[in-house]
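**Q** Below is the file structure.cif, with mmCIF, N, CA and C atoms.
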```cif
data_coords
loop_
_atom_site.group_PDB
_atom_site.id
_atom_site.type_symbol
_atom_site.label_atom_id
_atom_site.label_comp_id
_atom_site.auth_asym_id
_atom_site.auth_seq_id
_atom_site.Cartn_x
_atom_site.Cartn_y
_atom_site.Cartn_z
ATOM 1 N N MET A 1 64.212 -140.048 -1.632
ATOM 2 C CA MET A 1 63.441 -140.369 -2.823
ATOM 3 C C MET A 1 62.211 -141.177 -2.393
ATOM 4 N N THR A 2 61.060 -140.770 -2.827
ATOM 5 C CA THR A 2 59.842 -141.466 -2.456
ATOM 6 C C THR A 2 59.483 -142.499 -3.519
ATOM 7 N N THR A 3 58.874 -143.566 -3.070
ATOM 8 C CA THR A 3 58.450 -144.622 -3.996
ATOM 9 C C THR A 3 56.951 -144.862 -3.875
ATOM 10 N N TYR A 4 56.235 -143.828 -3.472
ATOM 11 C CA TYR A 4 54.796 -143.957 -3.309
ATOM 12 C C TYR A 4 54.152 -144.254 -4.667
ATOM 13 N N GLY A 5 53.336 -145.271 -4.715
ATOM 14 C CA GLY A 5 52.606 -145.618 -5.940
ATOM 15 C C GLY A 5 53.381 -146.513 -6.878
ATOM 16 N N THR A 6 54.600 -146.856 -6.526
ATOM 17 C CA THR A 6 55.355 -147.745 -7.404
ATOM 18 C C THR A 6 55.156 -149.192 -6.965
ATOM 19 N N ILE A 7 55.297 -150.061 -7.903
ATOM 20 C CA ILE A 7 55.151 -151.485 -7.628
ATOM 21 C C ILE A 7 56.533 -152.043 -7.339
ATOM 22 N N PRO A 8 56.715 -152.595 -6.149
ATOM 23 C CA PRO A 8 58.033 -153.146 -5.842
ATOM 24 C C PRO A 8 58.305 -154.390 -6.682
ATOM 25 N N THR A 9 59.508 -154.462 -7.213
ATOM 26 C CA THR A 9 59.889 -155.633 -8.000
ATOM 27 C C THR A 9 61.110 -156.267 -7.370
ATOM 28 N N SER A 10 61.115 -157.543 -7.426
ATOM 29 C CA SER A 10 62.252 -158.280 -6.903
ATOM 30 C C SER A 10 62.463 -159.472 -7.809
ATOM 31 N N SER A 11 63.664 -159.630 -8.268
ATOM 32 C CA SER A 11 63.939 -160.729 -9.177
ATOM 33 C C SER A 11 64.827 -161.781 -8.539
ATOM 34 N N SER A 12 64.936 -161.744 -7.234
ATOM 35 C CA SER A 12 65.772 -162.740 -6.583
ATOM 36 C C SER A 12 65.079 -164.098 -6.636
ATOM 37 N N PRO A 13 65.833 -165.157 -6.849
ATOM 38 C CA PRO A 13 65.229 -166.493 -6.950
ATOM 39 C C PRO A 13 64.471 -166.917 -5.698
ATOM 40 N N SER A 14 64.941 -166.491 -4.522
ATOM 41 C CA SER A 14 64.260 -166.903 -3.290
ATOM 42 C C SER A 14 62.866 -166.285 -3.195
ATOM 43 N N SER A 15 62.702 -165.025 -3.614
ATOM 44 C CA SER A 15 61.376 -164.407 -3.553
ATOM 45 C C SER A 15 60.448 -165.023 -4.593
ATOM 46 N N ASN A 16 60.989 -165.411 -5.750
ATOM 47 C CA ASN A 16 60.171 -166.082 -6.757
ATOM 48 C C ASN A 16 59.711 -167.443 -6.248
ATOM 49 N N LEU A 17 60.591 -168.154 -5.576
ATOM 50 C CA LEU A 17 60.212 -169.453 -5.018
ATOM 51 C C LEU A 17 59.178 -169.301 -3.914
ATOM 52 N N GLU A 18 59.320 -168.253 -3.105
ATOM 53 C CA GLU A 18 58.328 -167.986 -2.063
ATOM 54 C C GLU A 18 56.966 -167.712 -2.678
ATOM 55 N N PHE A 19 56.955 -166.891 -3.730
ATOM 56 C CA PHE A 19 55.705 -166.553 -4.406
ATOM 57 C C PHE A 19 55.043 -167.812 -4.965
ATOM 58 N N LEU A 20 55.823 -168.667 -5.626
ATOM 59 C CA LEU A 20 55.272 -169.895 -6.181
ATOM 60 C C LEU A 20 54.780 -170.837 -5.089
ATOM 61 N N SER A 21 55.505 -170.888 -3.993
ATOM 62 C CA SER A 21 55.105 -171.734 -2.882
ATOM 63 C C SER A 21 53.787 -171.255 -2.276
ATOM 64 N N ARG A 22 53.665 -169.943 -2.080
ATOM 65 C CA ARG A 22 52.411 -169.382 -1.543
ATOM 66 C C ARG A 22 51.258 -169.604 -2.512
ATOM 67 N N ALA A 23 51.512 -169.431 -3.816
ATOM 68 C CA ALA A 23 50.460 -169.627 -4.815
ATOM 69 C C ALA A 23 50.000 -171.083 -4.819
ATOM 70 N N LYS A 24 50.950 -172.001 -4.754
ATOM 71 C CA LYS A 24 50.621 -173.430 -4.727
ATOM 72 C C LYS A 24 49.792 -173.771 -3.497
ATOM 73 N N GLN A 25 50.159 -173.216 -2.373
ATOM 74 C CA GLN A 25 49.427 -173.467 -1.123
ATOM 75 C C GLN A 25 48.005 -172.916 -1.206
ATOM 76 N N ARG A 26 47.847 -171.726 -1.756
ATOM 77 C CA ARG A 26 46.505 -171.124 -1.869
ATOM 78 C C ARG A 26 45.624 -171.916 -2.815
ATOM 79 N N ILE A 27 46.215 -172.444 -3.892
ATOM 80 C CA ILE A 27 45.441 -173.259 -4.834
ATOM 81 C C ILE A 27 44.982 -174.543 -4.151
ATOM 82 N N LYS A 28 45.888 -175.173 -3.399
ATOM 83 C CA LYS A 28 45.522 -176.396 -2.677
ATOM 84 C C LYS A 28 44.407 -176.131 -1.675
ATOM 85 N N GLU A 29 44.499 -175.020 -0.956
ATOM 86 C CA GLU A 29 43.453 -174.677 0.017
ATOM 87 C C GLU A 29 42.130 -174.415 -0.686
ATOM 88 N N GLY A 30 42.187 -173.714 -1.806
ATOM 89 C CA GLY A 30 40.968 -173.412 -2.553
ATOM 90 C C GLY A 30 40.316 -174.659 -3.107
ATOM 91 N N LEU A 31 41.119 -175.542 -3.681
ATOM 92 C CA LEU A 31 40.561 -176.780 -4.225
ATOM 93 C C LEU A 31 40.054 -177.694 -3.120
ATOM 94 N N GLY A 32 40.584 -177.535 -1.935
ATOM 95 C CA GLY A 32 40.119 -178.328 -0.807
ATOM 96 C C GLY A 32 38.715 -177.953 -0.368
ATOM 97 N N THR A 33 38.250 -176.763 -0.727
ATOM 98 C CA THR A 33 36.911 -176.329 -0.321
ATOM 99 C C THR A 33 35.848 -176.655 -1.361
ATOM 100 N N ARG A 34 36.244 -177.270 -2.469
ATOM 101 C CA ARG A 34 35.227 -177.596 -3.475
ATOM 102 C C ARG A 34 34.368 -178.750 -2.987
ATOM 103 N N ARG A 35 33.146 -178.779 -3.456
ATOM 104 C CA ARG A 35 32.189 -179.810 -3.054
ATOM 105 C C ARG A 35 32.137 -180.901 -4.125
ATOM 106 N N LEU A 36 31.536 -182.024 -3.792
ATOM 107 C CA LEU A 36 31.408 -183.119 -4.743
ATOM 108 C C LEU A 36 30.542 -182.695 -5.925
ATOM 109 N N TRP A 37 30.977 -183.083 -7.117
ATOM 110 C CA TRP A 37 30.237 -182.701 -8.327
ATOM 111 C C TRP A 37 28.874 -183.379 -8.355
ATOM 112 N N LYS A 38 28.786 -184.611 -7.869
ATOM 113 C CA LYS A 38 27.484 -185.294 -7.889
ATOM 114 C C LYS A 38 26.489 -184.616 -6.943
ATOM 115 N N LEU A 39 26.988 -183.942 -5.916
ATOM 116 C CA LEU A 39 26.109 -183.153 -5.052
ATOM 117 C C LEU A 39 25.586 -181.928 -5.788
ATOM 118 N N MET A 40 26.465 -181.329 -6.584
ATOM 119 C CA MET A 40 26.097 -180.114 -7.298
ATOM 120 C C MET A 40 25.034 -180.386 -8.367
ATOM 121 N N PHE A 41 25.122 -181.559 -8.998
ATOM 122 C CA PHE A 41 24.203 -181.882 -10.088
ATOM 123 C C PHE A 41 23.183 -182.949 -9.713
ATOM 124 N N ASN A 42 22.833 -183.036 -8.452
ATOM 125 C CA ASN A 42 21.839 -183.996 -7.976
ATOM 126 C C ASN A 42 20.448 -183.517 -8.400
ATOM 127 N N LEU A 43 19.845 -184.218 -9.353
ATOM 128 C CA LEU A 43 18.546 -183.798 -9.896
ATOM 129 C C LEU A 43 17.411 -183.945 -8.874
ATOM 130 N N HIS A 44 17.583 -184.779 -7.870
ATOM 131 C CA HIS A 44 16.545 -184.953 -6.853
ATOM 132 C C HIS A 44 16.479 -183.755 -5.907
ATOM 133 N N SER A 45 17.488 -182.919 -5.925
ATOM 134 C CA SER A 45 17.510 -181.752 -5.046
ATOM 135 C C SER A 45 16.766 -180.563 -5.638
ATOM 136 N N PHE A 46 16.452 -180.640 -6.922
ATOM 137 C CA PHE A 46 15.781 -179.512 -7.570
ATOM 138 C C PHE A 46 14.305 -179.483 -7.223
ATOM 139 N N GLY A 47 13.798 -178.289 -7.037
ATOM 140 C CA GLY A 47 12.385 -178.080 -6.765
ATOM 141 C C GLY A 47 12.046 -176.620 -7.007
ATOM 142 N N LEU A 48 10.806 -176.345 -7.284
ATOM 143 C CA LEU A 48 10.388 -174.971 -7.532
ATOM 144 C C LEU A 48 10.327 -174.194 -6.226
ATOM 145 N N PRO A 49 10.897 -172.998 -6.209
ATOM 146 C CA PRO A 49 10.799 -172.168 -5.002
ATOM 147 C C PRO A 49 9.382 -171.633 -4.839
ATOM 148 N N SER A 50 9.033 -171.305 -3.612
ATOM 149 C CA SER A 50 7.668 -170.832 -3.344
ATOM 150 C C SER A 50 7.453 -169.382 -3.756
ATOM 151 N N GLY A 51 8.525 -168.633 -3.922
ATOM 152 C CA GLY A 51 8.408 -167.239 -4.331
ATOM 153 C C GLY A 51 9.760 -166.665 -4.695
ATOM 154 N N PHE A 52 9.753 -165.376 -5.030
ATOM 155 C CA PHE A 52 10.987 -164.722 -5.462
ATOM 156 C C PHE A 52 12.021 -164.666 -4.346
ATOM 157 N N SER A 53 11.584 -164.360 -3.134
ATOM 158 C CA SER A 53 12.532 -164.263 -2.012
ATOM 159 C C SER A 53 13.130 -165.630 -1.690
ATOM 160 N N ASP A 54 12.330 -166.686 -1.820
ATOM 161 C CA ASP A 54 12.841 -168.040 -1.598
ATOM 162 C C ASP A 54 13.851 -168.405 -2.691
ATOM 163 N N ALA A 55 13.565 -168.032 -3.926
ATOM 164 C CA ALA A 55 14.493 -168.312 -5.031
ATOM 165 C C ALA A 55 15.807 -167.574 -4.821
ATOM 166 N N LEU A 56 15.732 -166.321 -4.426
ATOM 167 C CA LEU A 56 16.933 -165.532 -4.177
ATOM 168 C C LEU A 56 17.752 -166.124 -3.025
ATOM 169 N N SER A 57 17.074 -166.564 -2.004
ATOM 170 C CA SER A 57 17.743 -167.192 -0.866
ATOM 171 C C SER A 57 18.446 -168.480 -1.291
ATOM 172 N N ARG A 58 17.793 -169.262 -2.128
ATOM 173 C CA ARG A 58 18.389 -170.502 -2.622
ATOM 174 C C ARG A 58 19.624 -170.227 -3.475
ATOM 175 N N VAL A 59 19.547 -169.221 -4.323
ATOM 176 C CA VAL A 59 20.687 -168.875 -5.183
ATOM 177 C C VAL A 59 21.871 -168.447 -4.315
ATOM 178 N N ARG A 60 21.618 -167.618 -3.321
ATOM 179 C CA ARG A 60 22.705 -167.165 -2.433
ATOM 180 C C ARG A 60 23.334 -168.337 -1.680
ATOM 181 N N THR A 61 22.503 -169.210 -1.155
ATOM 182 C CA THR A 61 22.997 -170.374 -0.422
ATOM 183 C C THR A 61 23.802 -171.286 -1.338
ATOM 184 N N ASN A 62 23.269 -171.525 -2.527
ATOM 185 C CA ASN A 62 23.931 -172.390 -3.494
ATOM 186 C C ASN A 62 25.268 -171.805 -3.932
ATOM 187 N N MET A 63 25.306 -170.510 -4.188
ATOM 188 C CA MET A 63 26.551 -169.858 -4.607
ATOM 189 C C MET A 63 27.605 -169.936 -3.506
ATOM 190 N N ALA A 64 27.192 -169.776 -2.272
ATOM 191 C CA ALA A 64 28.139 -169.845 -1.164
ATOM 192 C C ALA A 64 28.650 -171.269 -0.966
ATOM 193 N N TYR A 65 27.755 -172.237 -1.079
ATOM 194 C CA TYR A 65 28.125 -173.628 -0.815
ATOM 195 C C TYR A 65 29.012 -174.200 -1.924
ATOM 196 N N PHE A 66 28.700 -173.892 -3.189
ATOM 197 C CA PHE A 66 29.440 -174.433 -4.332
ATOM 198 C C PHE A 66 30.351 -173.393 -4.974
ATOM 199 N N GLN A 67 30.811 -172.436 -4.209
ATOM 200 C CA GLN A 67 31.611 -171.322 -4.733
ATOM 201 C C GLN A 67 32.821 -171.798 -5.534
ATOM 202 N N MET A 68 33.588 -172.716 -5.008
ATOM 203 C CA MET A 68 34.786 -173.179 -5.703
ATOM 204 C C MET A 68 34.420 -173.973 -6.953
ATOM 205 N N ASN A 69 33.355 -174.747 -6.910
ATOM 206 C CA ASN A 69 32.922 -175.486 -8.089
ATOM 207 C C ASN A 69 32.544 -174.534 -9.218
ATOM 208 N N TYR A 70 31.815 -173.476 -8.882
ATOM 209 C CA TYR A 70 31.448 -172.494 -9.899
ATOM 210 C C TYR A 70 32.684 -171.787 -10.450
ATOM 211 N N ALA A 71 33.653 -171.509 -9.596
ATOM 212 C CA ALA A 71 34.889 -170.872 -10.055
ATOM 213 C C ALA A 71 35.626 -171.784 -11.037
ATOM 214 N N ILE A 72 35.659 -173.082 -10.759
ATOM 215 C CA ILE A 72 36.304 -174.034 -11.663
ATOM 216 C C ILE A 72 35.584 -174.070 -13.003
ATOM 217 N N VAL A 73 34.264 -174.078 -12.982
ATOM 218 C CA VAL A 73 33.487 -174.106 -14.220
ATOM 219 C C VAL A 73 33.747 -172.835 -15.038
ATOM 220 N N VAL A 74 33.735 -171.677 -14.380
ATOM 221 C CA VAL A 74 33.967 -170.407 -15.082
ATOM 222 C C VAL A 74 35.375 -170.377 -15.682
ATOM 223 N N LEU A 75 36.377 -170.819 -14.919
ATOM 224 C CA LEU A 75 37.741 -170.835 -15.437
ATOM 225 C C LEU A 75 37.898 -171.819 -16.588
ATOM 226 N N LEU A 76 37.220 -172.955 -16.522
ATOM 227 C CA LEU A 76 37.268 -173.928 -17.611
ATOM 228 C C LEU A 76 36.627 -173.359 -18.873
ATOM 229 N N VAL A 77 35.485 -172.711 -18.730
ATOM 230 C CA VAL A 77 34.819 -172.094 -19.886
ATOM 231 C C VAL A 77 35.695 -170.987 -20.473
ATOM 232 N N LEU A 78 36.301 -170.185 -19.619
ATOM 233 C CA LEU A 78 37.194 -169.123 -20.083
ATOM 234 C C LEU A 78 38.382 -169.716 -20.839
ATOM 235 N N PHE A 79 38.995 -170.748 -20.283
ATOM 236 C CA PHE A 79 40.137 -171.414 -20.921
ATOM 237 C C PHE A 79 39.744 -171.980 -22.280
ATOM 238 N N LEU A 80 38.602 -172.676 -22.349
ATOM 239 C CA LEU A 80 38.161 -173.252 -23.619
ATOM 240 C C LEU A 80 37.816 -172.182 -24.642
ATOM 241 N N SER A 81 37.229 -171.076 -24.196
ATOM 242 C CA SER A 81 36.907 -170.004 -25.141
ATOM 243 C C SER A 81 38.178 -169.349 -25.679
ATOM 244 N N LEU A 82 39.200 -169.228 -24.827
ATOM 245 C CA LEU A 82 40.479 -168.693 -25.308
ATOM 246 C C LEU A 82 41.126 -169.640 -26.313
ATOM 247 N N LEU A 83 41.049 -170.939 -26.045
ATOM 248 C CA LEU A 83 41.576 -171.916 -27.008
ATOM 249 C C LEU A 83 40.816 -171.845 -28.322
ATOM 250 N N TRP A 84 39.481 -171.752 -28.236
ATOM 251 C CA TRP A 84 38.658 -171.684 -29.434
ATOM 252 C C TRP A 84 38.981 -170.414 -30.231
ATOM 253 N N HIS A 85 39.130 -169.310 -29.528
ATOM 254 C CA HIS A 85 39.452 -168.045 -30.184
ATOM 255 C C HIS A 85 40.807 -168.132 -30.887
ATOM 256 N N GLN A 86 41.789 -168.721 -30.219
ATOM 257 C CA GLN A 86 43.119 -168.869 -30.801
ATOM 258 C C GLN A 86 43.069 -169.810 -31.996
ATOM 259 N N HIS A 87 42.314 -170.895 -31.896
ATOM 260 C CA HIS A 87 42.192 -171.849 -32.993
ATOM 261 C C HIS A 87 41.516 -171.191 -34.197
ATOM 262 N N LYS A 88 40.479 -170.428 -33.929
ATOM 263 C CA LYS A 88 39.747 -169.730 -34.988
ATOM 264 C C LYS A 88 40.648 -168.713 -35.666
ATOM 265 N N LYS A 89 41.470 -168.026 -34.886
ATOM 266 C CA LYS A 89 42.383 -167.032 -35.404
ATOM 267 C C LYS A 89 43.433 -167.679 -36.312
ATOM 268 N N SER A 90 43.929 -168.856 -35.923
ATOM 269 C CA SER A 90 44.961 -169.519 -36.714
ATOM 270 C C SER A 90 44.398 -170.051 -38.032
ATOM 271 N N ILE A 91 43.102 -170.368 -38.072
ATOM 272 C CA ILE A 91 42.489 -170.828 -39.307
ATOM 273 C C ILE A 91 42.356 -169.690 -40.316
ATOM 274 N N GLU A 92 42.093 -168.476 -39.837
ATOM 275 C CA GLU A 92 41.904 -167.322 -40.715
ATOM 276 C C GLU A 92 43.182 -166.956 -41.454
ATOM 277 N N PHE A 93 44.333 -167.183 -40.848
ATOM 278 C CA PHE A 93 45.592 -166.799 -41.473
ATOM 279 C C PHE A 93 46.091 -167.823 -42.402
#
```
Spit out the file's structure as structure tokens when you get a sec.
**A**
Amino acid sequence: MTTYGTIPTSSSPSSNLEFLSRAKQRIKEGLGTRRLWKLMFNLHSFGLPSGFSDALSRVRTNMAYFQMNYAIVVLLVLFLSLLWHQHKKSIEF
């Protein structure tokens, strides 16, 4: 019997604990790469780029350097929008 294309499932407690342990470790590693928020919002670092290619280069550098910070902001906005949507939905009923 072939199982090509099927998703393996395992409900054993040890595999669930392994999954949670790996997820926890990956979150810790990811949060460890975030940069200081005061660095991200340092107003003295802002300046006008000399041209389009310089602006694009700055955006790429900034996105790479503050990648985890931007991910946290996006996830926070997503979480708050879901809460707002749920709150709005409960008011309608």
**Q** Expanded to explicit residues, what is the PyMOL selection byres ((chain A and resi 25-39) around 8) for this file, as a VMD selection string?
**A** chain A and resid 19 to 24 40 to 43 65 to 70
**Q** So the first atom is atom CA of A:Trp84 and the second is atom N of A:Ala71; what is the distance between them in Å, to one decimal place?
**A**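 Going from atom CA of A:Trp84 over to atom N of A:Ala71 covers 20.5 Å.
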**Q** Taking the backbone alone, and naming residues the way the document does, which bits of chain A are helix (DSSP H, G or I) by DSSP, as a PyMOL selection string?
**A** chain A and resi 13-32+37-40+43-45+52-65+67-92
**Q** Take atom CA of A:Ser57 and atom CA of A:His44 and report the distance between them in Å, one decimal.
**A**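 It comes out at 18.8 Å.
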**Q** What is the distance, in Å and to one decimal place, between atom CA of A:Ser45 and atom N of A:Arg58?
**A**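 Distance between the two atoms: 12.8 Å.
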